[in-house]
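Student: Have a look at this one.
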Amino acid sequence: MKRRNFLRIFPAAGVTPFVLNGHSIRPFANRQMARVLAACDGIEDRVLVLIQLKGGNDGVNTLIPIEQYDDYANLRPGIRLDESTLIALDNTLPAADQIGLHPSLAALKSLYDDGRATVIQGVGYEDMNQSHFKGTDIWLSGGDTTPDGYNISSGWMGRSLQALYPDVLGAPTPEMPDPLGIQLGDPNPSLGFHTETEHQNSINLSGQDASGFYSLIQTIGGLPVPNVPDSDHGDELSFIMNVEQSVNLYAQRITDTFNNGSNANSNYPTTALADQLKTIAKLMSGGCKTKIYLCTLGGFDTHAGQAADSDTTNGAHADLLFTLSEAVKAFLDDVESLGLAEQVLACTFSEFGRTAAENGSLGTDHGTLAPIFIFGKNAAAGVQGTNVNLKNLTPDKQLQGLQFDYRQVFTTLLQDWLGADNYVLEQTMFEGYAKMPVVDAAAVVSPECYFGTTSVWDVAPGMRAMSLYPNPANINAEVTFVSDRAFEGTLSLHSLGGRLLSNTRVWVQPDVNLFYLDVSQIPAGTYFVRLENRATGRAEVCKLVVAR
C-alpha cells in the first residue's frame with residue numbers, strides 16, 4: 001500500500017541538531033559540513049571504461065606460467081610461444097607465479113611498470129556456460145548458471161546506474177545532463193545497460209567518421225509502435241523505442257561536448273578500439289559526465305589460425321592482443337595529458353577463456369577461466385591471484401580452480417571506484433561478493449562518501465532507499481522510501497548548515513511510502529530531507545536541490 005500525503009513547507013521557528021555521516025550537525029555548522037563534503041570531492045567525476053573482448057580470450061597464451069612451461073608446451077605443441085619470446089611481467093613475483101606475457105603485450109608491460117595496470121588471474125564463475133550468447137548474457141546481466149542467475153533480463157550496468165542516480169529517469173537533468181552510460185563499437189544495444197524499467201539511461205554510438213571518431217546513431221527504428229503487445233516481443237519493442245528516445249534526448253548535448261573536447265595524443269593506432277577510446281577521451285575533455293562506457297573488441301573466437309604456423313608470435317590472437325595493448329596505452333597517455341587521468345579506470349572482460357589444450361587447427365576451443373586487466377593511474381598495480389594450474393584440468397582439458405568470481409571485480413569497481421553504497425550493490429545483485437584490492441588504496445572511496453539511491457547517508461534499520469523526485473525540484477518533490485514495519489515518524493527539511501526549516505509528523509506503513517513536499521516557498525539552494533523513527537531516533541537523510 002502507498003501512503004500519499006501532501007506536506008507544505010513553511011519556515012519553522014525551532015532548530016535541532018542531527019547526525020550526518022556520523023557528525024553531529026548543528027545550526028550554522030557550515031565549516032564542519034564543508035569538511036565532510038570536501039572529503040568526497042571528485043568522486044562523482046570518476047568514470048569506468050569497460051572493454052568487452054568478444055569471443056572468449058585465450059588467457060593461457062596471454063599470461064604464460066613460466067614455471068609450468070613444459071606442461072604448457074605439451075598442451076599446445078602447434079601454437080605455443082617460444083620461451084625466449086615471452087616478456088617477463090614482474091621478476092619480484094614468487095617463482096611459481098612468474099608470468100611470461102605474450103610478445104604482443106609490450107605496451108601492457110609498460111603500463112604495468114608505470115603502475116597503471118593490474119592483472120587478475122583465474123576469473124569466472126562456478127560451472128561456466130560455454131555458449132557465446134548465453135555466456136555473454138551472464139557476464140552482462142551479473143548472473144551465473146544457477147536457476148536464479150540464469151535468465152536475468154536486465155544488465156548489471158543498467159541496474160547499478162539506476163540505483164546510483166534514481167532521479168535521472170532517461171532524460172537529462174541539470175546535475176546529470178549526459179547519458180549515464182554510453183556504448184561504442186557495436187550497433188546492437190547491450191544487455192548490460194538494459195534496466196528493469198522503461199527508463200533507458202544509456203545511448204549507443206556507432207559508425208566512424210573519417211577522423212576515426214564514433215558518431216551518434218540518429219535513429220533506430222522509425223516512428224514508435226502505437227500498440228505494443230503484452231509479450232516478450234512487446235518488451236523488446238519497448239526497449240528499442242526507449243533507446244531511440246534516449247538518443248534523441250541526448251543528441252545535442254553529446255554533439256556539444258564532443259565539439260568542445262579535444263585529444264592531446266595524436267598517436268592513437270588506426271584501429272576500431274583505439275577510435276572508441278579516442279572518442280571517450282574527447283567527450284570527457286569536453287565535459288561529458290557519463291559514468292560507464294562500454295567498448296568492444298571482437299575476434300577472440302580463435303578456433304583456427306590463432307597462431308601462425310611458421311611463427312607463433314604472429315596470428316589472429318597476437319594481432320588482437322597488440323590492438324588491445326596499444327589502444328589502451330594511447331588512451332591512458334591521452335587522458336594523462338588532458339589532466340583527466342585521476343578520473344578513469346578501465347577494465348577488460350570476456351565471456352569465457354579457452355581450453356588449456358590446442359585443438360589441432362592451430363586454435364583453441366571454448367573454455368572457462370580467463371584473466372581480467374584493470375588499467376589506469378589509480379589501479380592497484382600488481383597481480384591478484386596465482387598462475388592457473390595446467391596439471392589440474394578436466395578430462396576435456398578445461399582449466400579448473402576458480403580464484404575470483406567476476407562479480408567481485410565489478411563489486412569493487414562500483415563501490416571502491418565509483419562510490420556506490422551498499423543499497424546500489426544490493427540492487428545490482430552484487431551484495432555479498434568480497435571486494436578485491438584492485439583500486440589504489442589512496443583512491444578507494446571512503447564509506448562516508450558512498451552515494452546512490454540513499455545518497456551518501458546511512459540507511460536506518462527498517463527503512464531503505466529514500467529517494468527524491470524530481471531532484472532538483474521547483475514546486476514539489478516526491479519523497480519515496482520502503483519500510484519493513486509501521487512506525488510514527490518525523491519528516492523534516494533542513495538547510496545545508498543544519499537549520500530546521502520544517503518538521504511534520506508522519507505515519508509510516510510497511511511497504512512503499514510516498515509523501516509530497518511543497519518547496520515552492522523556499523529559496524533555491526541545497527537542503528537535506530530527514531526521516532526519523534520517533535521511537536528509535538534512527539533516521540535517513542537525503543540531499544535535495546531546489547532550483548528556480
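Going by the C-alpha cells order, chains are called A, B, ..., each with residues numbered from 1, while ligands are numbered from 1 in the order shown.
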From a DSSP calculation on the backbone, collect every residue of segment 414-502 of chain A in strand (DSSP E or B) and output the set as a PyMOL selection string.
Tutor: chain A and resi 420+439+451+463-469+473+476-483+487-495+500-502
Student: May I have the residues from that selection written out with N, CA, C and O atoms, as a compact mmCIF listing (two decimals), in the first residue's frame?
Tutor:
# COMPACT_ATOMS: atom_id res chain seq x y z
N ALA A 420 29.59 3.56 -5.04
CA ALA A 420 28.24 3.03 -4.86
C ALA A 420 28.03 2.56 -3.42
O ALA A 420 28.88 1.88 -2.85
N VAL A 439 41.81 -1.28 -6.75
CA VAL A 439 41.87 0.17 -6.81
C VAL A 439 42.97 0.62 -5.85
O VAL A 439 43.05 0.13 -4.71
N PHE A 451 27.46 6.88 -2.23
CA PHE A 451 26.21 7.51 -2.60
C PHE A 451 25.41 6.56 -3.48
O PHE A 451 25.86 5.48 -3.84
N MET A 463 14.28 0.83 7.19
CA MET A 463 13.95 1.75 6.09
C MET A 463 15.00 1.59 5.00
O MET A 463 16.15 1.27 5.27
N ARG A 464 14.59 1.84 3.78
CA ARG A 464 15.51 1.62 2.68
C ARG A 464 15.16 2.54 1.52
O ARG A 464 14.00 2.80 1.25
N ALA A 465 16.20 3.00 0.86
CA ALA A 465 16.04 3.62 -0.46
C ALA A 465 15.17 4.86 -0.46
O ALA A 465 14.28 5.01 -1.27
N MET A 466 15.41 5.77 0.48
CA MET A 466 14.74 7.06 0.35
C MET A 466 15.22 7.70 -0.94
O MET A 466 16.42 7.79 -1.19
N SER A 467 14.29 8.16 -1.75
CA SER A 467 14.64 8.84 -2.98
C SER A 467 13.75 10.05 -3.14
O SER A 467 12.62 10.09 -2.62
N LEU A 468 14.26 11.05 -3.84
CA LEU A 468 13.55 12.30 -4.05
C LEU A 468 13.40 12.53 -5.54
O LEU A 468 14.38 12.39 -6.30
N TYR A 469 12.21 12.86 -5.96
CA TYR A 469 11.98 13.12 -7.38
C TYR A 469 10.92 14.20 -7.54
O TYR A 469 9.88 14.15 -6.86
N ALA A 473 14.23 20.09 -7.52
CA ALA A 473 12.79 20.32 -7.51
C ALA A 473 12.51 21.81 -7.63
O ALA A 473 13.35 22.64 -7.27
N ASN A 476 7.28 21.01 -6.09
CA ASN A 476 7.19 19.99 -5.04
C ASN A 476 8.07 18.82 -5.41
O ASN A 476 8.50 18.67 -6.56
N ALA A 477 8.36 17.99 -4.40
CA ALA A 477 9.20 16.81 -4.58
C ALA A 477 8.53 15.61 -3.93
O ALA A 477 7.94 15.74 -2.86
N GLU A 478 8.62 14.48 -4.59
CA GLU A 478 8.13 13.24 -4.01
C GLU A 478 9.23 12.62 -3.14
O GLU A 478 10.36 12.48 -3.58
N VAL A 479 8.86 12.26 -1.92
CA VAL A 479 9.76 11.54 -1.03
C VAL A 479 9.26 10.11 -0.95
O VAL A 479 8.17 9.84 -0.46
N THR A 480 10.05 9.18 -1.47
CA THR A 480 9.66 7.78 -1.52
C THR A 480 10.65 6.94 -0.72
O THR A 480 11.86 7.18 -0.78
N PHE A 481 10.14 6.00 0.04
CA PHE A 481 11.01 5.08 0.76
C PHE A 481 10.24 3.81 1.06
O PHE A 481 9.01 3.77 0.95
N VAL A 482 10.97 2.78 1.44
CA VAL A 482 10.38 1.49 1.76
C VAL A 482 10.65 1.19 3.23
O VAL A 482 11.76 1.40 3.72
N SER A 483 9.63 0.71 3.94
CA SER A 483 9.78 0.33 5.34
C SER A 483 9.32 -1.11 5.52
O SER A 483 8.39 -1.56 4.85
N PHE A 487 5.58 2.61 11.83
CA PHE A 487 6.06 3.43 12.94
C PHE A 487 5.61 4.87 12.75
O PHE A 487 5.23 5.28 11.65
N GLU A 488 5.68 5.61 13.82
CA GLU A 488 5.41 7.04 13.77
C GLU A 488 6.73 7.75 13.54
O GLU A 488 7.73 7.49 14.22
N GLY A 489 6.72 8.65 12.56
CA GLY A 489 7.97 9.30 12.21
C GLY A 489 7.84 10.80 12.08
O GLY A 489 6.75 11.36 12.18
N THR A 490 8.98 11.43 11.88
CA THR A 490 9.03 12.86 11.63
C THR A 490 9.79 13.09 10.32
O THR A 490 10.91 12.60 10.15
N LEU A 491 9.16 13.80 9.41
CA LEU A 491 9.79 14.18 8.16
C LEU A 491 10.14 15.65 8.26
O LEU A 491 9.26 16.49 8.47
N SER A 492 11.42 15.97 8.11
CA SER A 492 11.85 17.35 8.31
C SER A 492 12.75 17.80 7.17
O SER A 492 13.37 17.01 6.49
N LEU A 493 12.81 19.12 7.01
CA LEU A 493 13.65 19.74 5.99
C LEU A 493 14.64 20.64 6.70
O LEU A 493 14.27 21.40 7.60
N HIS A 494 15.93 20.55 6.30
CA HIS A 494 16.99 21.31 6.95
C HIS A 494 17.82 22.05 5.91
O HIS A 494 17.97 21.60 4.77
N SER A 495 18.37 23.16 6.33
CA SER A 495 19.31 23.89 5.47
C SER A 495 20.63 23.13 5.42
O SER A 495 20.85 22.19 6.19
N LEU A 500 16.71 23.76 11.06
CA LEU A 500 15.42 23.16 10.80
C LEU A 500 14.50 24.17 10.12
O LEU A 500 14.27 25.26 10.63
N LEU A 501 13.97 23.80 8.98
CA LEU A 501 13.04 24.65 8.26
C LEU A 501 11.60 24.19 8.44
O LEU A 501 10.69 25.01 8.43
N SER A 502 11.42 22.90 8.60
CA SER A 502 10.07 22.38 8.77
C SER A 502 10.14 20.97 9.32
O SER A 502 11.09 20.24 9.05
Student: Name all residues at most 9 Å from Ala441 of chain A (count only C-alpha atoms; drop same-chain ones fewer than 2 positions away) and give them as a list in words.
Tutor: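 Using only C-alpha atoms, the neighbours found are Asn378, Ala379, Ala380, Pro437, Val438, Val439, Ala443, Val444 and Val445 of chain A.
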Student: Enter the distance from atom CA of Ile374 of chain A to atom CA of Thr348 of chain A, in Å, rounded to one decimal.
Tutor: 6.8 Å
Student: Compile the contact shell of Val47 of chain A as a VMD selection string: residues with an atom at most 8 Å away, counting only C-alpha atoms, same-chain residues fewer than 4 positions apart removed.
Tutor: chain A and resid 290 to 293 343 to 345 418
Student: If we count only C-alpha atoms, what is near Phe410 of chain A at a cut-off of 12 Å, once residues fewer than 6 positions away on the same chain are taken out, given as a ChimeraX atom specification?
Tutor: /A:48-50,123-124,139-142,156-157,160,292,345-349,372,374,404,416-418,420,425,428-431,433-439
Student: Applying 12 Å and only C-alpha atoms, which residues near Gly78 of chain A remain after dropping the ones on its own chain fewer than 3 positions away? List them as a count of residues only.
Tutor: 24
